[in-house]
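A quick write-up on the structure given underneath.
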Amino acid sequence: MGNPFSIEDIKQGSTLLDIGCGAGFDLFIASKLTGPGGQVYGIDLTQEMIDRAQKNIKKLDTTNITIKHVDSEKIPFKDNMFDVVISNGVINLSPCKQDLFQEIKRVLKPGGRLQFADIVAENELPSNLTGSLEAWAQ
Ligand SMILES: C[S@@+](CC[C@H](N)C(=O)[O-])C[C@H]1O[C@@H](n2cnc3c(N)ncnc32)[C@H](O)[C@@H]1O
């Protein structure tokens with residue numbers, strides 16, 4: 001979708017969460033940027049993508065990545081845990097963005113940052129699209 005890392009540098013030693021990590025490409029980059037002293041966590045709603053990410057991560061010489069399957073938008077981590085939350089092409093998929101943003105705020109440390117790339121609608125969408133799950137998925 002985009003490059004959430006271009007928004008601001010990721011400091012070595014950071015604790016970072018990738019929401020909707022997919023097959024794990026951004027986890028790999030985050031792992032390099034945070035370095036061995038950092039911790040990188042990825043969550044995804046789809047077990048198939050978790051399996052792909054686990055498989056891809058196993059091929060890397062890194063030990064600072066943890067991946068978790070989630071079955072809701074509740075983020076399975078404690079309050080004030082992350083220096084940075086990233087997301088790449090996922091927030092637009094959330095049916096309740098306000099709840100997701102509240103969860104992101106909860107897990108971010110005070111002064112922590114959300115860096116995300118996504119798509120936005122610039123105009124009001126017609127109701128035949130906003131009311132259609134099929135259109136949502138497309
Ligand atoms: C467009 S893909 C982006 C994947 C990855 N971020 C990338 O850039 O390659 C969207 C991913 O988000 C996941 N997803 C959608 N809604 C989610 C949510 N609320 N929480 C976690 N993952 C979610 C999907 O399962 C899918 O793997």
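Scheme for the structure tokens: letters A, B, ... for chains in order shown; per-chain residue numbers from 1; ligand numbers from 1 in order shown.
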
Do you have, as a tab-separated table, the list of residues of range 59-105 of chain A lying at most 7 Å from range 27-51 of chain A, each with its nearest atom pair and that distance in Å to one decimal, counting only C-alpha atoms and ordered by chain then number?
residue	atom	partner	partner_atom	distance
A:Asn64	CA	A:Gln39	CA	5.1
A:Ile65	CA	A:Val40	CA	4.7
A:Thr66	CA	A:Tyr41	CA	4.8
A:Ile67	CA	A:Gly42	CA	4.6
A:Lys68	CA	A:Ile43	CA	4.9
A:His69	CA	A:Asp44	CA	5.3
A:Val70	CA	A:Leu45	CA	5.1
A:Asp71	CA	A:Leu45	CA	5.6

Selection to disk with C-alpha atoms, as a PDB file, in the first residue's frame:
ATOM      1  CA  ASN A  64      13.017 -10.236  17.782  1.00  0.00           C
ATOM      2  CA  ILE A  65       9.723 -10.841  15.934  1.00  0.00           C
ATOM      3  CA  THR A  66       6.567 -12.251  17.558  1.00  0.00           C
ATOM      4  CA  ILE A  67       3.400 -12.850  15.543  1.00  0.00           C
ATOM      5  CA  LYS A  68      -0.098 -13.359  16.958  1.00  0.00           C
ATOM      6  CA  HIS A  69      -3.416 -14.291  15.403  1.00  0.00           C
ATOM      7  CA  VAL A  70      -6.301 -12.078  16.550  1.00  0.00           C
ATOM      8  CA  ASP A  71      -9.981 -12.766  16.101  1.00  0.00           C
TER       9      ASP A  71
END

Practice problem: Could you pull out the residues in chain A that DSSP calls strand (DSSP E or B) from the backbone, as JSON, numbers by chain? | Solution: {"A": [15, 16, 17, 18, 19, 39, 40, 41, 42, 43, 44, 65, 66, 67, 68, 69, 82, 83, 84, 85, 86, 87, 88, 108, 109, 110, 111, 112, 113, 114, 115, 116, 117]}

Quiz item: Of the candidates A:Asn92, A:Pro4, A:Glu73, A:Phe25, which shows the shortest atom-to-atom distance to Ala121 in chain A, using only C-alpha atoms?
Solution: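 Result for the nearest residue to Ala121 in chain A: A:Asn92.
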
Quiz item: Which residue out of A:Asp61, A:Glu8, A:Asp118, A:Asp79 has the minimum interatomic distance to ligand 1 when only C-alpha atoms and all ligand atoms are used?
Solution: A:Asp118

Quiz item: Which residue, A:Ser87, A:Asn80, A:Ser6, A:Ser132, has the smallest gap to Gly24 in chain A when you use only C-alpha atoms?
Solution: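 Comparing A:Ser87, A:Asn80, A:Ser6, A:Ser132 against Gly24 in chain A, the winner is A:Ser87.
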
Quiz item: What's the 7 Å shell around Asn88 in chain A, counting only C-alpha atoms, without same-chain residues fewer than 2 positions away, as an NGL selection string?
Solution: :A and (1-2 or 4 or 86 or 90 or 116-118)

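For Ile91 in chain A, the residues within 10 Å (counting only C-alpha atoms, excluding itself and residues fewer than 6 positions away along the chain) are Ile19, Gly20, Lys97, Leu100, Phe101, Phe116, Ala117, Asp118, Ile119 and Val120 of chain A.
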
Quiz item: Taking into account only C-alpha atoms, which residue in the set A:Cys21, A:Lys74, A:Leu93, A:Phe82 is nearest to Gln54 in chain A?
Solution: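 Of the candidates, the smallest distance to Gln54 in chain A is held by A:Cys21.
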
Quiz prompt | Who sits within 12 Å of Leu108 in chain A, only C-alpha atoms, same chain under 3 positions skipped, as a ChimeraX atom specification | solution = /A:14-17,75,77-86,101-105,111-115

Please produce a file of the residues just selected, as a PDB file, in the first residue's frame, where the atoms kept are C-alpha atoms.
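In the end it all went to out.pdb:
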ATOM      1  CA  SER A  14      12.046   0.464  19.861  1.00  0.00           C
ATOM      2  CA  THR A  15       9.109  -1.783  20.658  1.00  0.00           C
ATOM      3  CA  LEU A  16       6.907  -1.791  17.558  1.00  0.00           C
ATOM      4  CA  LEU A  17       3.528  -3.293  16.637  1.00  0.00           C
ATOM      5  CA  ILE A  75      -5.292  -5.639  20.453  1.00  0.00           C
ATOM      6  CA  PHE A  77      -1.265  -6.389  24.418  1.00  0.00           C
ATOM      7  CA  LYS A  78      -1.125  -4.349  27.600  1.00  0.00           C
ATOM      8  CA  ASP A  79      -1.520  -0.576  27.870  1.00  0.00           C
ATOM      9  CA  ASN A  80       1.443   1.722  27.099  1.00  0.00           C
ATOM     10  CA  MET A  81       3.558  -1.044  25.588  1.00  0.00           C
ATOM     11  CA  PHE A  82       4.681   0.292  22.197  1.00  0.00           C
ATOM     12  CA  ASP A  83       6.907   3.141  21.043  1.00  0.00           C
ATOM     13  CA  VAL A  84       5.504   2.846  17.519  1.00  0.00           C
ATOM     14  CA  VAL A  85       2.449   1.253  15.942  1.00  0.00           C
ATOM     15  CA  ILE A  86       2.544   0.824  12.169  1.00  0.00           C
ATOM     16  CA  PHE A 101      -7.840   3.967  16.882  1.00  0.00           C
ATOM     17  CA  GLN A 102      -8.799   3.837  20.580  1.00  0.00           C
ATOM     18  CA  GLU A 103      -7.094   0.456  20.891  1.00  0.00           C
ATOM     19  CA  ILE A 104      -3.985   1.832  19.154  1.00  0.00           C
ATOM     20  CA  LYS A 105      -3.922   4.793  21.569  1.00  0.00           C
ATOM     21  CA  GLY A 111       4.577  10.129  23.283  1.00  0.00           C
ATOM     22  CA  GLY A 112       4.447   7.005  21.091  1.00  0.00           C
ATOM     23  CA  ARG A 113       3.561   7.281  17.406  1.00  0.00           C
ATOM     24  CA  LEU A 114       1.169   5.725  14.905  1.00  0.00           C
ATOM     25  CA  GLN A 115       2.700   5.608  11.400  1.00  0.00           C
TER      26      GLN A 115
END

Exercise. Could you check which of A:Pro76, A:Pro126, A:Gly89, A:Gly13 is closest to ligand 1, using only C-alpha atoms and all ligand atoms?
Key: A:Gly89

Exercise. Give the helix (DSSP H, G or I) residues of chain A, as assigned by DSSP on the backbone, as an MDAnalysis selection string.
Key: chainID A and resid 4:6 25:34 47:58 91:93 97:107 127:130 133:137
